[in-house]
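Peer 1: Below: one structure in structure tokens.
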Amino acid sequence: MIYDRFGKQDRKLEALMKTRRLIAVIIALCCLVGAPLSVGAAGMEFALNGVRFNGALLGFLPVPTGADIELRFPVLGDSLLYTIRLAGGFEDRLILRDDSDGSPIAKPASFPDPYWFHWPNAEVDTGILYRLLPGDVGPKVELFGLARGRWESNSADLSTAYFPDAQGLLSVSFLGGIGVDAVEKSPSRLKSGYAGEISFEYAPAALAFSGDTDFYRATATIEGYLPLFSSGKSDLDAVSIFAAGYLTGDYAGGSNIPLYVLTSFGGRAIRDGLGDSIRGYRTWGYEATTKAEASFDLRFIGPGLFGLAGLRPMAYLFGDAGYFDGLYKCPDAATGGDKNGLIFSAGAGAAINVFDFAQIGARAGYKFPVDDPLYALYTPGGERFFWNITFLLHF
């Protein structure tokens with residue numbers, strides 16, 4: 001804090017200093033963005049990493065309202081690359097904590113609500129990748145160092161006394177780590193191989209322009225695919241079966257951890273937290289500093305439809321397991337002192353794979369809340385069966 005000569009907090013000067021820091025960061029990011037453009041577009045890589053959805057606009061069907069894209073520019077041959085990732089959307093979001101004392105709350109019965117609101121958000125990740133192995137023969141191995149700028153417009157009706165980012169967030173963090181990718185996908189959409197990443201993220205308080213973030217987190221992820229069966233006269237009419245597994249763990253610490261960190265898994269591609277990762281449970285819930293998830297799918301891929309290899313029916317069986325510990329700023333009385341849990345779910349689904357852009361379908365399953373202090377609050381009726389419309393695969 002900054003004080004004037006009479007010993008009182010000088011909020012105007014604090015705001016001015018924050019504004020100056022923000023301008024300096026924006027200028028630095030713009031310089032980084034502009035640097036690779038002079039290299040030229042030759043060899044540029046583009047990836048559409050995902051689509052963002054809003055589930056409140058129609059109320060019965062999620063609507064695409066955002067995207068996540070990445071551009072990579074060669075700086076030094078094929079080894080050193082500049083990367084910029086742009087992600088954001090106009091989504092809906094829940095904050096399932098009472099802003100006066102931090103107690104967990106149930107999902108509001110209707111939209112809009114101070115705890116269920118439209119959520120404009122944006123993120124820019126920019127930095128350098130160095131490929132130890134290019135992936136032409138064997139796995140692709142990358143070292144990365146990134147700056148991450150994140151903006152959120154949360155709920156203006158909530159107090160910031162307990163969660164400083166409840167109304168909004170604007171901050172910069174730094175991310176570094178190593179990733180490996182040896183996943184291959186055949187023309188018949190049969191996957192094989194493995195991929196993984198280890199990363200560490202740090203957000204200093206000095207670069208929290210709003211929301212007062214000050215945190216660090218470490219994340220590890222691994223996924224693998226094992227072909228089991230494939231038959232057909234050609235790739236177009238091939239029928240395939242493969243097993244898919246995903247495992248991730250996340251630990252966060254610091255004096256002020258924002259809600260989006262508590263409800264997500266970190267890394268270059270931020271993944272939704274336990275409420276989404278363990279299929280069937282409450283989204284945006286389980287705001288934990290320590291969390292882990294394991295998922296397993298058995299996927300059946302059918303032949304191409306209408307003579308198109310990228311348009312295929314698929315079906316799958318799934319099982320998920322999750323663990324959480326350290327419910328952040330949660331009073332003991334709210335959970336009976338139990339701030340950790342173990343949750344499971346299993347089920348099946350079917351979808352149409354639309355040119356690897358979306359998987360439109362439905363899934364259903366059954367929940368096994370083995371040790372969940374929040375289940376009765378999140379699911380007042382105690383129901384175990386669930387189903388929902390899907391637009392993307394789980395992983």
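In the structure tokens, the first chain shown is A, the next is B, and so on; residue numbers restart at 1 for each chain, and ligands run from 1 in the order shown.
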As an mmCIF file with N, CA and C atoms, in the first residue's frame, please: the residues near region 168-184 of chain A (cut-off 7 Å, only C-alpha atoms, same-chain neighbours under 5 positions excluded).
Peer 2:
data_model
loop_
_atom_site.group_PDB
_atom_site.id
_atom_site.type_symbol
_atom_site.label_atom_id
_atom_site.label_comp_id
_atom_site.auth_asym_id
_atom_site.auth_seq_id
_atom_site.Cartn_x
_atom_site.Cartn_y
_atom_site.Cartn_z
ATOM 1 N N GLY A 138 10.350 -40.154 -33.693
ATOM 2 C CA GLY A 138 10.202 -40.219 -32.254
ATOM 3 C C GLY A 138 9.344 -39.079 -31.736
ATOM 4 N N PRO A 139 9.320 -38.852 -30.427
ATOM 5 C CA PRO A 139 8.439 -37.846 -29.831
ATOM 6 C C PRO A 139 8.915 -36.415 -30.097
ATOM 7 N N LYS A 140 7.978 -35.480 -30.021
ATOM 8 C CA LYS A 140 8.298 -34.055 -30.075
ATOM 9 C C LYS A 140 8.448 -33.569 -28.637
ATOM 10 N N VAL A 141 9.608 -33.035 -28.308
ATOM 11 C CA VAL A 141 9.891 -32.589 -26.947
ATOM 12 C C VAL A 141 10.156 -31.087 -26.978
ATOM 13 N N GLU A 142 9.446 -30.327 -26.146
ATOM 14 C CA GLU A 142 9.550 -28.870 -26.150
ATOM 15 C C GLU A 142 9.796 -28.323 -24.752
ATOM 16 N N LEU A 143 10.733 -27.390 -24.644
ATOM 17 C CA LEU A 143 10.867 -26.538 -23.471
ATOM 18 C C LEU A 143 10.127 -25.238 -23.766
ATOM 19 N N PHE A 144 9.453 -24.674 -22.782
ATOM 20 C CA PHE A 144 8.700 -23.450 -23.042
ATOM 21 C C PHE A 144 8.812 -22.473 -21.869
ATOM 22 N N GLY A 145 8.780 -21.200 -22.213
ATOM 23 C CA GLY A 145 8.733 -20.115 -21.244
ATOM 24 C C GLY A 145 7.763 -19.073 -21.757
ATOM 25 N N LEU A 146 6.707 -18.772 -20.995
ATOM 26 C CA LEU A 146 5.616 -17.930 -21.461
ATOM 27 C C LEU A 146 5.243 -16.878 -20.435
ATOM 28 N N ALA A 147 4.737 -15.753 -20.930
ATOM 29 C CA ALA A 147 4.042 -14.771 -20.093
ATOM 30 C C ALA A 147 2.552 -14.915 -20.378
ATOM 31 N N ARG A 148 1.750 -14.913 -19.339
ATOM 32 C CA ARG A 148 0.296 -15.114 -19.476
ATOM 33 C C ARG A 148 -0.432 -13.892 -18.927
ATOM 34 N N GLY A 149 -1.183 -13.225 -19.785
ATOM 35 C CA GLY A 149 -2.037 -12.131 -19.356
ATOM 36 C C GLY A 149 -3.475 -12.602 -19.327
ATOM 37 N N ARG A 150 -4.164 -12.373 -18.212
ATOM 38 C CA ARG A 150 -5.527 -12.887 -18.068
ATOM 39 C C ARG A 150 -6.457 -11.782 -17.580
ATOM 40 N N TRP A 151 -7.621 -11.691 -18.231
ATOM 41 C CA TRP A 151 -8.651 -10.717 -17.844
ATOM 42 C C TRP A 151 -9.982 -11.437 -17.686
ATOM 43 N N GLU A 152 -10.707 -11.099 -16.619
ATOM 44 C CA GLU A 152 -12.036 -11.638 -16.382
ATOM 45 C C GLU A 152 -12.951 -10.533 -15.879
ATOM 46 N N SER A 153 -14.176 -10.544 -16.327
ATOM 47 C CA SER A 153 -15.216 -9.679 -15.764
ATOM 48 C C SER A 153 -16.188 -10.588 -15.036
ATOM 49 N N ASN A 154 -16.114 -10.573 -13.725
ATOM 50 C CA ASN A 154 -16.924 -11.484 -12.918
ATOM 51 C C ASN A 154 -18.211 -10.805 -12.455
ATOM 52 N N LYS A 191 -6.226 -43.489 -32.689
ATOM 53 C CA LYS A 191 -5.128 -42.823 -31.995
ATOM 54 C C LYS A 191 -4.186 -43.834 -31.345
ATOM 55 N N SER A 192 -2.897 -43.437 -31.281
ATOM 56 C CA SER A 192 -1.891 -44.244 -30.598
ATOM 57 C C SER A 192 -0.816 -43.314 -30.059
ATOM 58 N N GLY A 193 -0.048 -43.791 -29.074
ATOM 59 C CA GLY A 193 1.049 -43.000 -28.542
ATOM 60 C C GLY A 193 0.719 -42.343 -27.216
ATOM 61 N N TYR A 194 1.528 -41.362 -26.852
ATOM 62 C CA TYR A 194 1.401 -40.724 -25.539
ATOM 63 C C TYR A 194 1.811 -39.259 -25.638
ATOM 64 N N ALA A 195 1.418 -38.475 -24.616
ATOM 65 C CA ALA A 195 1.813 -37.076 -24.502
ATOM 66 C C ALA A 195 1.798 -36.712 -23.020
ATOM 67 N N GLY A 196 2.547 -35.682 -22.663
ATOM 68 C CA GLY A 196 2.582 -35.258 -21.268
ATOM 69 C C GLY A 196 3.227 -33.899 -21.114
ATOM 70 N N GLU A 197 3.093 -33.326 -19.935
ATOM 71 C CA GLU A 197 3.653 -32.003 -19.666
ATOM 72 C C GLU A 197 3.846 -31.812 -18.172
ATOM 73 N N ILE A 198 4.922 -31.110 -17.818
ATOM 74 C CA ILE A 198 5.162 -30.653 -16.451
ATOM 75 C C ILE A 198 5.392 -29.155 -16.523
ATOM 76 N N SER A 199 4.682 -28.392 -15.692
ATOM 77 C CA SER A 199 4.789 -26.938 -15.759
ATOM 78 C C SER A 199 4.731 -26.318 -14.368
ATOM 79 N N PHE A 200 5.257 -25.095 -14.290
ATOM 80 C CA PHE A 200 5.201 -24.306 -13.058
ATOM 81 C C PHE A 200 4.799 -22.893 -13.434
ATOM 82 N N GLU A 201 3.811 -22.338 -12.724
ATOM 83 C CA GLU A 201 3.305 -20.995 -13.000
ATOM 84 C C GLU A 201 3.443 -20.122 -11.758
ATOM 85 N N TYR A 202 3.832 -18.866 -11.969
ATOM 86 C CA TYR A 202 3.981 -17.918 -10.857
ATOM 87 C C TYR A 202 3.356 -16.586 -11.247
ATOM 88 N N ALA A 203 2.508 -16.064 -10.375
ATOM 89 C CA ALA A 203 1.851 -14.774 -10.592
ATOM 90 C C ALA A 203 2.226 -13.840 -9.452
ATOM 91 N N PRO A 204 3.149 -12.892 -9.666
ATOM 92 C CA PRO A 204 3.561 -11.985 -8.592
ATOM 93 C C PRO A 204 2.490 -10.939 -8.299
ATOM 94 N N LEU A 207 2.148 -7.661 -10.394
ATOM 95 C CA LEU A 207 1.528 -7.653 -11.713
ATOM 96 C C LEU A 207 0.049 -8.022 -11.637
ATOM 97 N N ALA A 208 -0.554 -7.823 -10.457
ATOM 98 C CA ALA A 208 -1.995 -7.999 -10.287
ATOM 99 C C ALA A 208 -2.634 -6.615 -10.339
ATOM 100 N N PHE A 209 -3.166 -6.242 -11.491
ATOM 101 C CA PHE A 209 -3.715 -4.906 -11.672
ATOM 102 C C PHE A 209 -5.125 -4.798 -11.099
ATOM 103 N N SER A 210 -5.822 -5.918 -11.028
ATOM 104 C CA SER A 210 -7.080 -6.010 -10.286
ATOM 105 C C SER A 210 -7.258 -7.470 -9.898
ATOM 106 N N GLY A 211 -7.924 -7.700 -8.812
ATOM 107 C CA GLY A 211 -8.105 -9.061 -8.315
ATOM 108 C C GLY A 211 -7.072 -9.493 -7.302
#
Peer 1: To one decimal in Å, tell me the separation between CA of Gly88 (chain A) and CA of Pro64 (chain A).
Peer 2: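 Calculated distance between CA of Gly88 (chain A) and CA of Pro64 (chain A) is 11.3 Å.
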Peer 1: Could you please determine the separation between CA of Tyr375 (chain A) and CA of Leu96 (chain A) in Å, to one decimal place?
Peer 2: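 Atom-to-atom, CA of Tyr375 (chain A) and CA of Leu96 (chain A) are spaced 12.8 Å apart.
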Peer 1: Could you check the closest approach to Gln359 (chain A) for each of A:Ser345, A:Thr289, A:Thr390, A:Ser188 and tell me which residue wins, using only C-alpha atoms?
Peer 2: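 Checking each candidate against Gln359 (chain A), we get A:Thr390 as the closest.
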Peer 1: By how many Å are CA of Leu58 (chain A) and CA of Asp92 (chain A) apart?
Peer 2: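 Computing the Euclidean distance for CA of Leu58 (chain A) and CA of Asp92 (chain A) yields 11.3 Å.
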Peer 1: Would you mind listing what lies within 7 Å of Ala351 (chain A) as a list in words, with only C-alpha atoms counted and same-chain residues fewer than 2 positions away left out?
Peer 2: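 Those residues are Pro313, Met314, Ala315, Gly349, Asn353, Gln359, Ile360, Gly361 and Ala362 of chain A.
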Peer 1: Could you write out that same residue set with C-alpha atoms as a PDB file, in the first residue's frame?
Peer 2:
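To be explicit, this is the file written out as result30.pdb:
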ATOM      1  CA  PRO A 313     -19.958 -42.019 -35.635  1.00  0.00           C
ATOM      2  CA  MET A 314     -18.338 -42.968 -32.373  1.00  0.00           C
ATOM      3  CA  ALA A 315     -19.296 -44.492 -29.039  1.00  0.00           C
ATOM      4  CA  GLY A 349     -21.722 -41.909 -24.647  1.00  0.00           C
ATOM      5  CA  ASN A 353     -17.001 -36.681 -34.990  1.00  0.00           C
ATOM      6  CA  GLN A 359     -17.928 -34.289 -31.286  1.00  0.00           C
ATOM      7  CA  ILE A 360     -21.669 -33.684 -31.083  1.00  0.00           C
ATOM      8  CA  GLY A 361     -23.569 -36.225 -29.022  1.00  0.00           C
ATOM      9  CA  ALA A 362     -24.799 -37.213 -25.583  1.00  0.00           C
TER      10      ALA A 362
END
Peer 1: Which residues are close to Thr248 (chain A), i.e. within 9 Å by only C-alpha atoms, leaving aside same-chain residues fewer than 6 positions away? Reply as number ranges by chain.
Peer 2: A: 219-223, 265, 291-294
Peer 1: What lies within 8 Å of Tyr366 (chain A) using only C-alpha atoms, ignoring chain neighbours under 4 positions off, as a PyMOL selection string?
Peer 2: chain A and resi 280+345-347+384-386
Peer 1: Using only C-alpha atoms, please write the residues we just selected to a file, as a CSV table (one decimal), in the first residue's frame.
Peer 2:
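Contents of again28.csv, freshly written:
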chain,number,residue,atom,x,y,z
A,280,GLY,CA,-21.5,-35.7,-13.8
A,345,SER,CA,-18.3,-41.7,-12.1
A,346,ALA,CA,-18.8,-44.2,-14.9
A,347,GLY,CA,-21.0,-44.3,-18.0
A,384,ARG,CA,-26.7,-40.4,-8.9
A,385,PHE,CA,-27.8,-40.8,-12.5
A,386,PHE,CA,-26.8,-38.0,-15.0
Peer 1: Give me the residues near region 336-339 of chain A as a PDB file with N, CA and C atoms, in the first residue's frame, where near means some atom within 6 Å (using only C-alpha atoms) and where sequence neighbours in that chain fewer than 6 positions away do not count.
Peer 2:
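So the final result, stored in part_29.pdb, reads:
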ATOM      1  N   ASP A 325      -8.136 -31.846  -2.022  1.00  0.00           N
ATOM      2  CA  ASP A 325      -7.747 -31.557  -0.646  1.00  0.00           C
ATOM      3  C   ASP A 325      -7.482 -30.061  -0.530  1.00  0.00           C
ATOM      4  N   GLY A 326      -7.722 -29.497   0.635  1.00  0.00           N
ATOM      5  CA  GLY A 326      -7.445 -28.090   0.864  1.00  0.00           C
ATOM      6  C   GLY A 326      -8.470 -27.176   0.228  1.00  0.00           C
ATOM      7  N   LEU A 327      -9.773 -27.345   0.549  1.00  0.00           N
ATOM      8  CA  LEU A 327     -10.790 -26.431   0.044  1.00  0.00           C
ATOM      9  C   LEU A 327     -10.446 -25.016   0.510  1.00  0.00           C
TER      10      LEU A 327
END
Peer 1: Please provide as a PDB file with C-alpha atoms, in the first residue's frame all residues within 12 Å of Phe117 (chain A), with the sequence filter that same-chain residues fewer than 4 positions apart are discarded (counting only C-alpha atoms).
Peer 2:
ATOM      1  CA  ASN A  54     -22.273 -20.353 -22.908  1.00  0.00           C
ATOM      2  CA  GLY A  55     -24.882 -22.556 -21.249  1.00  0.00           C
ATOM      3  CA  ALA A  56     -27.186 -19.747 -20.075  1.00  0.00           C
ATOM      4  CA  LEU A  57     -28.041 -17.916 -23.305  1.00  0.00           C
ATOM      5  CA  PHE A  90     -18.579 -14.793 -23.506  1.00  0.00           C
ATOM      6  CA  GLU A  91     -19.306 -17.762 -21.260  1.00  0.00           C
ATOM      7  CA  ASP A  92     -21.462 -18.259 -18.194  1.00  0.00           C
ATOM      8  CA  ARG A  93     -19.811 -18.875 -14.833  1.00  0.00           C
ATOM      9  CA  LEU A  94     -20.669 -19.917 -11.289  1.00  0.00           C
ATOM     10  CA  ILE A  95     -19.009 -18.792  -8.072  1.00  0.00           C
ATOM     11  CA  LEU A  96     -20.178 -21.364  -5.533  1.00  0.00           C
ATOM     12  CA  LYS A 107     -26.072 -23.600  -7.676  1.00  0.00           C
ATOM     13  CA  PRO A 108     -28.655 -20.770  -7.929  1.00  0.00           C
ATOM     14  CA  SER A 110     -32.265 -19.423 -11.930  1.00  0.00           C
ATOM     15  CA  PHE A 111     -30.159 -17.182 -14.161  1.00  0.00           C
ATOM     16  CA  PRO A 112     -29.049 -14.422 -13.782  1.00  0.00           C
ATOM     17  CA  ASP A 113     -27.888 -14.370 -10.196  1.00  0.00           C
ATOM     18  CA  SER A 153     -15.216  -9.679 -15.764  1.00  0.00           C
ATOM     19  CA  ASN A 154     -16.924 -11.484 -12.918  1.00  0.00           C
ATOM     20  CA  SER A 155     -19.913 -10.507 -10.760  1.00  0.00           C
ATOM     21  CA  ALA A 156     -20.200  -6.810  -9.882  1.00  0.00           C
ATOM     22  CA  ASP A 157     -22.787  -7.654  -7.205  1.00  0.00           C
ATOM     23  CA  LEU A 158     -20.389  -9.708  -5.077  1.00  0.00           C
ATOM     24  CA  ALA A 166     -15.031 -11.982  -7.272  1.00  0.00           C
ATOM     25  CA  GLN A 167     -15.783  -8.852  -9.331  1.00  0.00           C
TER      26      GLN A 167
END
Peer 1: May I have all residues of region 205-353 of chain A that DSSP, computed from the backbone, assigns to strand (DSSP E or B), given as a ChimeraX atom specification?
Peer 2: /A:208-210,214-231,239-256,264-265,271-272,288-301,305,308,311-327,340-353
Peer 1: Which residue out of A:Pro373, A:Gly254, A:Gly304, A:Gly322 has the minimum interatomic distance to Asn340 (chain A) when only C-alpha atoms are used?
Peer 2: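 Going through A:Pro373, A:Gly254, A:Gly304, A:Gly322 one by one, the smallest distance to Asn340 (chain A) is for A:Pro373.
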